[in-house]
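Written below as structure tokens is the structure these notes are about.
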Amino acid sequence: MKLAIITHMSKSGEIGGAEKFYDKLLESLKVKEINTSRIDVICDESSFDNIMNSYLKCYDLDLSSYDGVISTKAPTYLAKHHNHVCYLMHTIRMFYDMFDEAKDVKGNLNQRALIQKIDTLALNQHRIKKLYTIGHTVSERLKKWNNIDSEVLYPGITDSNFYSGNYEYIFLPSRLHKWKRVDLVIESMKYVTSPVQLKIAGKGEDMNYFRYLAGQDNRIEFLGYVDDEKLKELYSNALVVPFTSKNEDYGYVLQEAFKSYKPVITCKDSGEPARFVTISNGGFVVHPNPRDIATCIDKLYNDKHLAEKMGSSGHKSIESISWENVSSNLIKSLGGNNYEK
Amino acid sequence: MNYNEIEDSNLDGIMENIRQHLNYGPQATNPIKGYSADKNHYSPKSILDQVDADTNHLYIGSLIGEYLPPMHKQSGIKRIFAIFVGRIFLRVAQIITKDIREFNASVVNLLNSQNEDIRGLKSKLKKFEDQMNGYSENNNANFNQLYLQDDFYSAFEEVFRGTREDIKSRVGIYLPIIKDSLESNDDIVVDLGCGRGEWLELIKDSGYKIMGVDLNDVQLKKCNDLGLSVVNCDALQYLRMLESNSVSAITGFQILEHLAFDKLIILMEECYRVLKINGVIIFETPNSKNIITGASNFYIDPTHTRPLHPETLKFLAEFKGFNNVKIIFANESHTAKKFVSPSNQLENQEVWDRNISQLNGILYGAQDYAIVGYKR
């Protein structure tokens, strides 16, 4: 009995969140002693022709030697197989909700229509036995644009052994891109009255802009890239972790913060993180403006007890989320126990 | 390419349409070339292994006709007869195919040895690449090569660089270039080696945003006090932190002459990488075409390494990919320092004398100098 996970590999060889996601997914199946292979399809999204080419590549995959197939990101679900389950990370967002913000394809409605049509047909229940997504934001988007129902199956976090220490500073791990709205937190420091530090970890194309915004405020520190060990350490002694980006599909940052018993400040329009925080009461959900964020920071700084309490209830709320649960569900949908061994 | 005509409402139809648009034959990609279900990973790394396997096949193929097959299926008289016929046939075949077998064998050998060669070269290349990466990552621009104390250099510049207002009016000539290059209000200029921040202030006063980078804490503090955005960081290190195609303008006044030439090359490369399309660099440095500057004043600053000829710098910039590279000669000497034109002067002889003594001073003046000091 053999399973295949089809993964999307960017042509530039970039390693990001998706890469860790694939590794963990594979690992969670292998732990159950299931013969699982990973099939990387190299996809190029630099032009529409190349995107179409990637769609075709996935569609043409010869998967006849496998008994079951799990597809992940667009366009891997184009693969043809009689026993096919999709665990969707996302479709190509620049043809959906990010259409207006992506410069390169702006305005080409025909291309958008074609992509949406193919996706709708490819994710149809006649082709795919079961469609899972990584979060409600993705599911809602599918419902809105493709009118397809799906089930949410939260992925576990990619790294384990997070721990908690003191409650000292604001920790902001993020890709430094305007879409991530790091500027919101930097701006909020102008209104924060407490002598609390803001530590920002990560790299990105707007680093120069954010450094400029931070200017001479020496409470703000840019750490650049940090490795996993350092990351956990930074989480462990954080007072609070702001996660303010817009329309997040899932957000590992929130999971990691909760695993480290830290409260999270997020915005009403942040997508999945806002849902998590609301349900768990593990932090604050505020309007996306610096003053409101600053108020929350000051509040937590002056009441570390509250920070601890919120962090703990956050931690509790995500206890049931694990890769074990993910692989069990996937296996069940693919026809159950035949795959054990 | 036009995808408008794709109107099919069934997935297979659409995909076949796309295949035709992309000019793929139906078999060309089915299954994907080089993809094998047995392998965990479909990656181009395995090409060499594939060649190995293929040459092995060739080798086995080339052995056919070398030996008599064992003919296990036969027995008794039949077998003796078969072996006899086989031997005769093999001998005849060997005579007929002698040339072609020799040729085949040499081709297989050649392929084998070339494959080995490529493998060796690849691992060597990998090693070099790793070394290079390590080399460039640990290397900063090292502006303060002499590890001067910050307060020394700060005081030094106060005396020799000129007054704040003076500098501001000198660098003002570059302002229009910056204005033209900025696309949006969020564009931030990066100034390497910002020093006391005259340029930062000028840009800020003109309504733009600029980020200063320097290593001198004393000068950085001055910038800070003036409300300018600055960071204590090595110039190359800062550029490396920035993403490709992310900045509209990079400037640097009187810094290139502080760099070793190999660092200068890396700096240009990094600038090119970091700049957006249509972004601009401006680097000002002492003009070595001016004899006084190149041969004398240049060495006032002990942290200078070597004068840069304008043509050298222009070539370097163009070589690293910059377009429309031009040299702007700036900051001419004060009129009082120049030779006086003898025409229209009443005291003609006096003017000549003055000019000659000035010229003698430059060309044939004292050849050495000594420094003398007292403790008071």
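Within each chain, counting starts at residue 1; across the structure tokens, chains are named A, B, ... in the order shown, with ligands numbered 1 upward in that order.
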
Compute the set of chain A residues within 7 Å of chain B, using only C-alpha atoms, and express it as an mmCIF file with N, CA, C and O atoms, in the first residue's frame.
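Saved the output as selection21.cif:
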```cif
data_model
loop_
_atom_site.group_PDB
_atom_site.id
_atom_site.type_symbol
_atom_site.label_atom_id
_atom_site.label_comp_id
_atom_site.auth_asym_id
_atom_site.auth_seq_id
_atom_site.Cartn_x
_atom_site.Cartn_y
_atom_site.Cartn_z
ATOM 1 N N SER A 37 5.476 8.491 -0.282
ATOM 2 C CA SER A 37 6.490 9.170 -1.084
ATOM 3 C C SER A 37 6.081 10.616 -1.276
ATOM 4 O O SER A 37 4.906 10.936 -1.280
ATOM 5 N N ARG A 38 7.081 11.427 -1.441
ATOM 6 C CA ARG A 38 6.792 12.828 -1.693
ATOM 7 C C ARG A 38 7.130 13.101 -3.150
ATOM 8 O O ARG A 38 8.222 12.792 -3.621
ATOM 9 N N ILE A 39 6.189 13.667 -3.868
ATOM 10 C CA ILE A 39 6.449 14.000 -5.270
ATOM 11 C C ILE A 39 6.451 15.513 -5.402
ATOM 12 O O ILE A 39 5.427 16.175 -5.267
ATOM 13 N N ASP A 40 7.637 16.066 -5.622
ATOM 14 C CA ASP A 40 7.743 17.520 -5.763
ATOM 15 C C ASP A 40 7.504 17.890 -7.208
ATOM 16 O O ASP A 40 8.183 17.381 -8.095
ATOM 17 N N LEU A 56 -0.612 22.014 -15.985
ATOM 18 C CA LEU A 56 -0.579 20.868 -16.891
ATOM 19 C C LEU A 56 0.333 19.766 -16.349
ATOM 20 O O LEU A 56 0.013 18.575 -16.425
ATOM 21 N N LYS A 57 1.461 20.181 -15.779
ATOM 22 C CA LYS A 57 2.407 19.209 -15.215
ATOM 23 C C LYS A 57 1.712 18.343 -14.175
ATOM 24 O O LYS A 57 1.880 17.132 -14.151
ATOM 25 N N ASP A 60 -0.818 15.973 -15.613
ATOM 26 C CA ASP A 60 -0.227 14.870 -16.367
ATOM 27 C C ASP A 60 0.518 13.857 -15.513
ATOM 28 O O ASP A 60 1.018 12.857 -16.027
ATOM 29 N N LEU A 61 0.645 14.105 -14.233
ATOM 30 C CA LEU A 61 1.409 13.182 -13.384
ATOM 31 C C LEU A 61 0.881 11.756 -13.503
ATOM 32 O O LEU A 61 -0.324 11.522 -13.444
ATOM 33 N N ASP A 62 1.808 10.840 -13.654
ATOM 34 C CA ASP A 62 1.423 9.433 -13.710
ATOM 35 C C ASP A 62 1.501 8.857 -12.298
ATOM 36 O O ASP A 62 2.583 8.616 -11.778
ATOM 37 N N SER A 65 0.969 4.027 -9.890
ATOM 38 C CA SER A 65 1.583 3.043 -9.003
ATOM 39 C C SER A 65 1.271 3.300 -7.530
ATOM 40 O O SER A 65 1.748 2.590 -6.656
ATOM 41 N N ASN A 110 -9.689 37.799 -17.799
ATOM 42 C CA ASN A 110 -9.831 36.511 -18.488
ATOM 43 C C ASN A 110 -8.997 35.433 -17.819
ATOM 44 O O ASN A 110 -9.444 34.306 -17.634
ATOM 45 N N ILE A 118 -10.892 26.483 -13.651
ATOM 46 C CA ILE A 118 -10.139 25.230 -13.534
ATOM 47 C C ILE A 118 -10.153 24.750 -12.086
ATOM 48 O O ILE A 118 -10.397 23.582 -11.806
ATOM 49 N N LEU A 121 -13.471 23.276 -11.097
ATOM 50 C CA LEU A 121 -13.681 21.944 -11.672
ATOM 51 C C LEU A 121 -12.760 20.906 -11.029
ATOM 52 O O LEU A 121 -13.164 19.770 -10.770
ATOM 53 N N ALA A 122 -11.514 21.320 -10.773
ATOM 54 C CA ALA A 122 -10.533 20.356 -10.272
ATOM 55 C C ALA A 122 -10.828 19.940 -8.827
ATOM 56 O O ALA A 122 -10.556 18.816 -8.434
ATOM 57 N N GLY A 204 13.117 40.694 4.891
ATOM 58 C CA GLY A 204 12.084 40.959 3.908
ATOM 59 C C GLY A 204 12.332 42.211 3.109
ATOM 60 O O GLY A 204 13.192 43.015 3.464
ATOM 61 N N GLU A 205 11.558 42.366 2.024
ATOM 62 C CA GLU A 205 11.850 43.449 1.093
ATOM 63 C C GLU A 205 11.588 44.841 1.669
ATOM 64 O O GLU A 205 12.092 45.805 1.150
ATOM 65 N N ASP A 206 10.783 44.941 2.721
ATOM 66 C CA ASP A 206 10.493 46.266 3.253
ATOM 67 C C ASP A 206 11.256 46.576 4.532
ATOM 68 O O ASP A 206 10.900 47.476 5.277
ATOM 69 N N MET A 207 12.322 45.803 4.772
ATOM 70 C CA MET A 207 13.155 46.013 5.959
ATOM 71 C C MET A 207 13.604 47.469 6.064
ATOM 72 O O MET A 207 13.544 48.076 7.129
ATOM 73 N N ASN A 208 14.005 48.036 4.925
ATOM 74 C CA ASN A 208 14.505 49.410 4.942
ATOM 75 C C ASN A 208 13.425 50.380 5.414
ATOM 76 O O ASN A 208 13.676 51.288 6.201
ATOM 77 N N TYR A 209 12.212 50.154 4.929
ATOM 78 C CA TYR A 209 11.084 51.014 5.287
ATOM 79 C C TYR A 209 10.789 50.920 6.786
ATOM 80 O O TYR A 209 10.610 51.928 7.463
ATOM 81 N N TYR A 212 13.351 52.535 8.864
ATOM 82 C CA TYR A 212 13.183 53.980 8.787
ATOM 83 C C TYR A 212 12.098 54.431 9.764
ATOM 84 O O TYR A 212 12.261 55.402 10.496
ATOM 85 N N GLY A 215 13.194 54.428 13.248
ATOM 86 C CA GLY A 215 14.038 55.601 13.450
ATOM 87 C C GLY A 215 14.854 55.551 14.717
ATOM 88 O O GLY A 215 15.549 54.579 14.982
ATOM 89 N N GLN A 216 14.732 56.586 15.523
ATOM 90 C CA GLN A 216 15.637 56.697 16.672
ATOM 91 C C GLN A 216 15.064 56.087 17.941
ATOM 92 O O GLN A 216 15.618 56.269 19.002
#
```

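Around segment 156-164 of chain A, within 6 Å and counting only C-alpha atoms, the residues found are Lys232, Ser236, Lys259, Ser260, Ile321, Ser322 and Trp323 of chain A, once anything fewer than 6 positions away on its own chain is removed.
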
Excluding same-chain residues fewer than 2 positions from Val277 of chain A, what lies within 10 Å of it counting only C-alpha atoms, as a PyMOL selection string?
chain A and resi 254+258+263-267+272-275+279-285+310+313-314+317

Export, as a short mmCIF file (atom, residue, chain, number, x, y, z; two decimals), in the first residue's frame, the selected residues with N, CA, C and O atoms.
```
data_model
loop_
_atom_site.label_atom_id
_atom_site.label_comp_id
_atom_site.auth_asym_id
_atom_site.auth_seq_id
_atom_site.Cartn_x
_atom_site.Cartn_y
_atom_site.Cartn_z
N LEU A 254 0.86 32.55 15.68
CA LEU A 254 -0.09 32.44 16.79
C LEU A 254 0.09 31.12 17.52
O LEU A 254 0.12 31.07 18.75
N PHE A 258 1.17 30.75 21.42
CA PHE A 258 0.34 30.02 22.38
C PHE A 258 1.11 28.85 23.00
O PHE A 258 1.00 28.57 24.18
N PRO A 263 0.36 35.71 25.28
CA PRO A 263 -0.85 36.27 24.68
C PRO A 263 -0.55 36.87 23.29
O PRO A 263 0.60 37.22 23.01
N VAL A 264 -1.58 36.98 22.48
CA VAL A 264 -1.41 37.49 21.12
C VAL A 264 -2.33 38.69 20.91
O VAL A 264 -3.49 38.66 21.31
N ILE A 265 -1.77 39.74 20.31
CA ILE A 265 -2.61 40.87 19.90
C ILE A 265 -2.81 40.76 18.40
O ILE A 265 -1.85 40.70 17.64
N THR A 266 -4.06 40.69 17.98
CA THR A 266 -4.31 40.55 16.56
C THR A 266 -5.42 41.52 16.15
O THR A 266 -6.03 42.16 17.00
N CYS A 267 -5.67 41.65 14.85
CA CYS A 267 -6.64 42.63 14.39
C CYS A 267 -7.91 41.96 13.90
O CYS A 267 -7.90 40.81 13.48
N GLU A 272 -7.72 34.11 10.28
CA GLU A 272 -7.71 32.98 11.21
C GLU A 272 -7.21 33.33 12.62
O GLU A 272 -7.81 32.89 13.60
N PRO A 273 -6.13 34.10 12.76
CA PRO A 273 -5.65 34.41 14.11
C PRO A 273 -6.73 35.08 14.96
O PRO A 273 -6.86 34.77 16.15
N ALA A 274 -7.52 35.99 14.35
CA ALA A 274 -8.57 36.68 15.10
C ALA A 274 -9.57 35.66 15.63
O ALA A 274 -10.03 35.75 16.78
N ARG A 275 -9.90 34.67 14.81
CA ARG A 275 -10.83 33.63 15.23
C ARG A 275 -10.28 32.85 16.43
O ARG A 275 -10.97 32.63 17.42
N ILE A 279 -11.95 32.85 20.25
CA ILE A 279 -12.44 31.61 20.86
C ILE A 279 -11.72 31.30 22.16
O ILE A 279 -12.32 30.90 23.15
N SER A 280 -10.40 31.51 22.18
CA SER A 280 -9.60 31.05 23.32
C SER A 280 -9.47 32.09 24.41
O SER A 280 -9.06 31.79 25.52
N ASN A 281 -9.78 33.38 24.08
CA ASN A 281 -9.53 34.48 25.00
C ASN A 281 -8.03 34.54 25.35
O ASN A 281 -7.65 34.87 26.46
N GLY A 282 -7.20 34.22 24.36
CA GLY A 282 -5.76 34.19 24.58
C GLY A 282 -5.07 35.48 24.19
O GLY A 282 -3.90 35.48 23.83
N GLY A 283 -5.81 36.59 24.25
CA GLY A 283 -5.19 37.85 23.88
C GLY A 283 -6.25 38.87 23.51
O GLY A 283 -7.39 38.79 23.98
N PHE A 284 -5.85 39.84 22.67
CA PHE A 284 -6.78 40.90 22.28
C PHE A 284 -7.02 40.91 20.77
O PHE A 284 -6.09 40.68 19.99
N VAL A 285 -8.25 41.18 20.38
CA VAL A 285 -8.54 41.44 18.97
C VAL A 285 -8.96 42.89 18.87
O VAL A 285 -9.95 43.30 19.47
N MET A 310 -3.74 34.92 29.99
CA MET A 310 -4.17 34.86 28.59
C MET A 310 -3.34 33.84 27.83
O MET A 310 -3.86 33.05 27.03
N SER A 313 -4.53 30.32 28.65
CA SER A 313 -5.77 29.87 28.02
C SER A 313 -5.56 29.70 26.51
O SER A 313 -6.20 28.84 25.89
N GLY A 314 -4.64 30.49 25.94
CA GLY A 314 -4.28 30.28 24.53
C GLY A 314 -3.67 28.89 24.36
O GLY A 314 -4.04 28.13 23.46
N SER A 317 -6.17 26.15 24.46
CA SER A 317 -7.10 26.08 23.34
C SER A 317 -6.53 25.35 22.12
O SER A 317 -7.27 24.88 21.27
#
```

Need to verify the contact set: segment 54-59 of chain B, 8 Å, only C-alpha atoms, exclusion of same-chain residues closer than 4 positions in sequence. Can you return it as an MDAnalysis selection string?
chainID B and resid 50 63 105 108 111:112

I need the residues from that last selection saved to file as a PDB file, in the first residue's frame (with N, CA and C atoms), if you can.
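The resulting file, again-v4.pdb, is reproduced below:
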```
ATOM      1  N   GLN B  50      21.404   8.895 -13.656  1.00  0.00           N
ATOM      2  CA  GLN B  50      20.700   8.367 -14.817  1.00  0.00           C
ATOM      3  C   GLN B  50      21.716   8.009 -15.903  1.00  0.00           C
ATOM      4  N   LEU B  63      28.706  -6.274 -24.574  1.00  0.00           N
ATOM      5  CA  LEU B  63      29.309  -7.587 -24.320  1.00  0.00           C
ATOM      6  C   LEU B  63      28.647  -8.703 -25.141  1.00  0.00           C
ATOM      7  N   ALA B 105      32.836  -0.366 -27.671  1.00  0.00           N
ATOM      8  CA  ALA B 105      33.545  -0.436 -26.398  1.00  0.00           C
ATOM      9  C   ALA B 105      34.221   0.894 -26.089  1.00  0.00           C
ATOM     10  N   VAL B 108      31.676   3.500 -24.921  1.00  0.00           N
ATOM     11  CA  VAL B 108      31.231   3.269 -23.548  1.00  0.00           C
ATOM     12  C   VAL B 108      32.300   3.713 -22.555  1.00  0.00           C
ATOM     13  N   LEU B 111      32.375   7.507 -22.392  1.00  0.00           N
ATOM     14  CA  LEU B 111      31.244   8.031 -21.612  1.00  0.00           C
ATOM     15  C   LEU B 111      31.480   7.859 -20.119  1.00  0.00           C
ATOM     16  N   ASN B 112      31.993   6.678 -19.775  1.00  0.00           N
ATOM     17  CA  ASN B 112      32.265   6.401 -18.369  1.00  0.00           C
ATOM     18  C   ASN B 112      33.254   7.382 -17.779  1.00  0.00           C
TER      19      ASN B 112
END
```

Between atom CA of Glu102 of chain B and atom CA of Asp52 of chain B, what is the spacing in Å?
20.5 Å

Looking only at the backbone, which of the residues in segment 179-332 of chain B does DSSP tag as helix (DSSP H, G or I), as a tab-separated table (two decimals) with N, CA and C atoms, in the first residue's frame?
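Produced file states33.tsv, reproduced below:
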```tsv
chain	number	residue	atom	x	y	z
B	179	LYS	N	14.97	63.27	-6.58
B	179	LYS	CA	13.56	63.59	-6.83
B	179	LYS	C	13.02	62.78	-7.99
B	180	ASP	N	13.82	62.65	-9.04
B	180	ASP	CA	13.35	61.94	-10.24
B	180	ASP	C	13.22	60.44	-10.01
B	181	SER	N	14.00	59.92	-9.07
B	181	SER	CA	14.06	58.46	-8.97
B	181	SER	C	13.02	57.87	-8.02
B	198	GLU	N	24.48	65.58	6.98
B	198	GLU	CA	24.06	66.78	6.24
B	198	GLU	C	23.09	66.42	5.12
B	199	TRP	N	23.46	65.36	4.40
B	199	TRP	CA	22.65	64.90	3.27
B	199	TRP	C	21.29	64.39	3.76
B	200	LEU	N	21.30	63.68	4.88
B	200	LEU	CA	20.06	63.16	5.46
B	200	LEU	C	19.11	64.32	5.74
B	201	GLU	N	19.70	65.38	6.31
B	201	GLU	CA	18.89	66.52	6.71
B	201	GLU	C	18.30	67.20	5.48
B	202	LEU	N	19.14	67.32	4.46
B	202	LEU	CA	18.71	67.98	3.22
B	202	LEU	C	17.54	67.23	2.59
B	203	ILE	N	17.67	65.91	2.53
B	203	ILE	CA	16.61	65.08	1.93
B	203	ILE	C	15.34	65.18	2.76
B	204	LYS	N	15.52	65.15	4.07
B	204	LYS	CA	14.37	65.20	4.96
B	204	LYS	C	13.65	66.54	4.81
B	205	ASP	N	14.45	67.62	4.75
B	205	ASP	CA	13.85	68.95	4.61
B	205	ASP	C	13.12	69.10	3.28
B	217	ASP	N	29.83	56.04	16.22
B	217	ASP	CA	28.80	56.30	17.23
B	217	ASP	C	28.65	57.77	17.56
B	218	VAL	N	29.77	58.48	17.57
B	218	VAL	CA	29.70	59.90	17.90
B	218	VAL	C	28.86	60.65	16.87
B	219	GLN	N	29.13	60.34	15.60
B	219	GLN	CA	28.39	61.01	14.54
B	219	GLN	C	26.94	60.54	14.49
B	220	LEU	N	26.74	59.24	14.76
B	220	LEU	CA	25.37	58.71	14.77
B	220	LEU	C	24.53	59.42	15.82
B	221	LYS	N	25.17	59.70	16.95
B	221	LYS	CA	24.43	60.35	18.03
B	221	LYS	C	24.00	61.75	17.59
B	222	LYS	N	24.90	62.43	16.87
B	222	LYS	CA	24.55	63.76	16.36
B	222	LYS	C	23.32	63.69	15.46
B	223	CYS	N	23.33	62.67	14.57
B	223	CYS	CA	22.18	62.49	13.67
B	223	CYS	C	20.91	62.25	14.47
B	224	ASN	N	21.05	61.38	15.45
B	224	ASN	CA	19.92	61.04	16.32
B	224	ASN	C	19.34	62.29	16.97
B	225	ASP	N	20.24	63.14	17.47
B	225	ASP	CA	19.80	64.36	18.13
B	225	ASP	C	19.04	65.28	17.19
B	235	ALA	N	28.20	49.06	6.07
B	235	ALA	CA	27.44	49.34	4.85
B	235	ALA	C	27.10	48.07	4.07
B	236	LEU	N	28.11	47.22	3.86
B	236	LEU	CA	27.85	45.99	3.10
B	236	LEU	C	26.88	45.08	3.82
B	237	GLN	N	27.06	45.02	5.13
B	237	GLN	CA	26.17	44.17	5.93
B	237	GLN	C	24.74	44.66	5.81
B	238	TYR	N	24.55	45.97	5.83
B	238	TYR	CA	23.21	46.52	5.72
B	238	TYR	C	22.60	46.18	4.37
B	239	LEU	N	23.41	46.35	3.31
B	239	LEU	CA	22.89	46.03	1.97
B	239	LEU	C	22.50	44.57	1.89
B	240	ARG	N	23.31	43.71	2.50
B	240	ARG	CA	23.02	42.28	2.43
B	240	ARG	C	21.70	41.94	3.12
B	241	MET	N	21.35	42.72	4.13
B	241	MET	CA	20.10	42.45	4.83
B	241	MET	C	18.89	42.80	3.98
B	256	LEU	N	33.66	55.73	-0.99
B	256	LEU	CA	34.28	54.70	-1.83
B	256	LEU	C	35.79	54.67	-1.67
B	257	GLU	N	36.37	55.85	-1.45
B	257	GLU	CA	37.83	55.93	-1.33
B	257	GLU	C	38.34	55.31	-0.03
B	258	HIS	N	37.40	54.93	0.84
B	258	HIS	CA	37.79	54.27	2.09
B	258	HIS	C	37.88	52.75	1.93
B	261	PHE	N	39.66	47.72	-3.03
B	261	PHE	CA	38.97	47.62	-4.32
B	261	PHE	C	38.08	46.39	-4.42
B	262	ASP	N	38.50	45.28	-3.81
B	262	ASP	CA	37.64	44.08	-3.91
B	262	ASP	C	36.32	44.29	-3.18
B	263	LYS	N	36.37	45.06	-2.10
B	263	LYS	CA	35.13	45.36	-1.37
B	263	LYS	C	34.25	46.29	-2.20
B	264	LEU	N	34.92	47.18	-2.91
B	264	LEU	CA	34.19	48.12	-3.76
B	264	LEU	C	33.38	47.37	-4.82
B	265	ILE	N	34.00	46.33	-5.37
B	265	ILE	CA	33.32	45.53	-6.38
B	265	ILE	C	32.07	44.88	-5.76
B	266	ILE	N	32.23	44.32	-4.56
B	266	ILE	CA	31.09	43.67	-3.91
B	266	ILE	C	30.01	44.70	-3.58
B	267	LEU	N	30.45	45.88	-3.17
B	267	LEU	CA	29.49	46.93	-2.84
B	267	LEU	C	28.63	47.27	-4.06
B	268	MET	N	29.29	47.40	-5.22
B	268	MET	CA	28.56	47.73	-6.45
B	268	MET	C	27.57	46.62	-6.79
B	269	GLU	N	28.02	45.40	-6.64
B	269	GLU	CA	27.14	44.25	-6.92
B	269	GLU	C	25.91	44.28	-6.03
B	270	GLU	N	26.16	44.51	-4.73
B	270	GLU	CA	25.06	44.52	-3.77
B	270	GLU	C	24.08	45.66	-4.06
B	271	CYS	N	24.64	46.84	-4.41
B	271	CYS	CA	23.78	47.98	-4.74
B	271	CYS	C	22.88	47.61	-5.91
B	272	TYR	N	23.48	46.98	-6.91
B	272	TYR	CA	22.72	46.63	-8.10
B	272	TYR	C	21.60	45.65	-7.75
B	273	ARG	N	21.93	44.70	-6.89
B	273	ARG	CA	20.94	43.70	-6.49
B	273	ARG	C	19.78	44.35	-5.73
B	274	VAL	N	20.12	45.25	-4.82
B	274	VAL	CA	19.12	45.80	-3.91
B	274	VAL	C	18.21	46.83	-4.61
B	291	ILE	N	45.10	67.20	-9.92
B	291	ILE	CA	46.40	66.77	-9.37
B	291	ILE	C	46.50	67.06	-7.88
B	292	ILE	N	46.07	68.26	-7.49
B	292	ILE	CA	46.18	68.62	-6.08
B	292	ILE	C	45.39	67.64	-5.21
B	293	THR	N	44.16	67.33	-5.68
B	293	THR	CA	43.34	66.41	-4.90
B	293	THR	C	43.94	65.02	-4.89
B	294	GLY	N	44.26	64.54	-6.10
B	294	GLY	CA	44.71	63.16	-6.24
B	294	GLY	C	46.04	62.90	-5.58
B	295	ALA	N	46.94	63.89	-5.68
B	295	ALA	CA	48.29	63.64	-5.19
B	295	ALA	C	48.51	64.16	-3.79
B	297	ASN	N	45.74	66.37	-1.37
B	297	ASN	CA	44.66	66.48	-0.37
B	297	ASN	C	44.02	65.14	-0.03
B	298	PHE	N	44.07	64.22	-0.98
B	298	PHE	CA	43.47	62.91	-0.76
B	298	PHE	C	44.01	62.26	0.50
B	299	TYR	N	45.31	62.51	0.74
B	299	TYR	CA	45.97	61.80	1.84
B	299	TYR	C	45.84	62.49	3.18
B	300	ILE	N	45.08	63.57	3.20
B	300	ILE	CA	44.84	64.21	4.50
B	300	ILE	C	44.13	63.21	5.41
B	310	PRO	N	37.96	58.67	-12.17
B	310	PRO	CA	36.55	58.64	-12.60
B	310	PRO	C	36.26	57.54	-13.62
B	311	GLU	N	37.18	57.32	-14.54
B	311	GLU	CA	36.94	56.33	-15.59
B	311	GLU	C	36.90	54.91	-15.00
B	312	THR	N	37.73	54.68	-13.98
B	312	THR	CA	37.74	53.37	-13.34
B	312	THR	C	36.38	53.08	-12.71
B	313	LEU	N	35.89	54.10	-12.01
B	313	LEU	CA	34.61	53.93	-11.31
B	313	LEU	C	33.47	53.75	-12.31
B	314	LYS	N	33.54	54.53	-13.38
B	314	LYS	CA	32.49	54.44	-14.41
B	314	LYS	C	32.49	53.04	-15.02
B	315	PHE	N	33.69	52.57	-15.30
B	315	PHE	CA	33.80	51.23	-15.89
B	315	PHE	C	33.22	50.18	-14.94
B	316	LEU	N	33.59	50.30	-13.67
B	316	LEU	CA	33.11	49.33	-12.67
B	316	LEU	C	31.59	49.31	-12.61
B	317	ALA	N	31.01	50.51	-12.57
B	317	ALA	CA	29.54	50.61	-12.47
B	317	ALA	C	28.89	49.97	-13.70
B	318	GLU	N	29.45	50.28	-14.88
B	318	GLU	CA	28.87	49.71	-16.10
B	318	GLU	C	29.08	48.21	-16.14
B	319	PHE	N	30.24	47.78	-15.69
B	319	PHE	CA	30.54	46.35	-15.70
B	319	PHE	C	29.58	45.58	-14.80
```

Test item, strand (DSSP E) assignment across segment 220-328 of chain A, answer as JSON, numbers by chain
{"A": [220, 221, 222, 223, 224, 238, 239, 240, 241, 242, 243, 264, 265, 266, 267, 283, 284, 285, 286]}

Taking only C-alpha atoms into account, name the residue in A:Trp179, A:Phe95, A:Phe21, A:Phe210 that is nearest to Tyr252 of chain A.
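Closest to Tyr252 of chain A of all the choices is A:Phe21.
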
Any idea what the distance is between atom CA of Lys332 of chain A and atom CA of Tyr154 of chain A?
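Answer for the atom CA of Lys332 of chain A to atom CA of Tyr154 of chain A separation: 15.8 Å.
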
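Separating atom CA of Arg93 of chain A from atom CA of Thr76 of chain A is a distance of 14.7 Å.
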
Minimum-distance residue to Leu175 of chain B, chosen among B:Ile96, B:Ile88, B:Ile77, B:Ala249 (using only C-alpha atoms)
B:Ala249

For segment 288-290 of chain B, work out the shell of residues within 7 Å, counting only C-alpha atoms and skipping chain neighbours fewer than 5 positions away, then give it as a list of chain:residue names.
B:Pro307, B:Leu308, B:His309

Output for the residues just chosen: N, CA, C and O atoms as a PDB file, in the first residue's frame:
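Final file, out.pdb:
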```
ATOM      1  N   PRO B 307      43.132  56.833  -4.347  1.00  0.00           N
ATOM      2  CA  PRO B 307      42.241  57.668  -5.154  1.00  0.00           C
ATOM      3  C   PRO B 307      41.627  56.820  -6.261  1.00  0.00           C
ATOM      4  O   PRO B 307      42.253  55.899  -6.775  1.00  0.00           O
ATOM      5  N   LEU B 308      40.399  57.141  -6.616  1.00  0.00           N
ATOM      6  CA  LEU B 308      39.727  56.413  -7.684  1.00  0.00           C
ATOM      7  C   LEU B 308      39.606  57.317  -8.901  1.00  0.00           C
ATOM      8  O   LEU B 308      39.043  58.404  -8.815  1.00  0.00           O
ATOM      9  N   HIS B 309      40.114  56.851 -10.001  1.00  0.00           N
ATOM     10  CA  HIS B 309      39.978  57.639 -11.227  1.00  0.00           C
ATOM     11  C   HIS B 309      38.530  57.536 -11.704  1.00  0.00           C
ATOM     12  O   HIS B 309      37.939  56.452 -11.656  1.00  0.00           O
TER      13      HIS B 309
END
```

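Among B:Leu275, B:Leu363, B:Tyr67, B:Asp301, the residue with the shortest atom-to-atom distance to Val159 of chain B, counting only C-alpha atoms, is B:Asp301.
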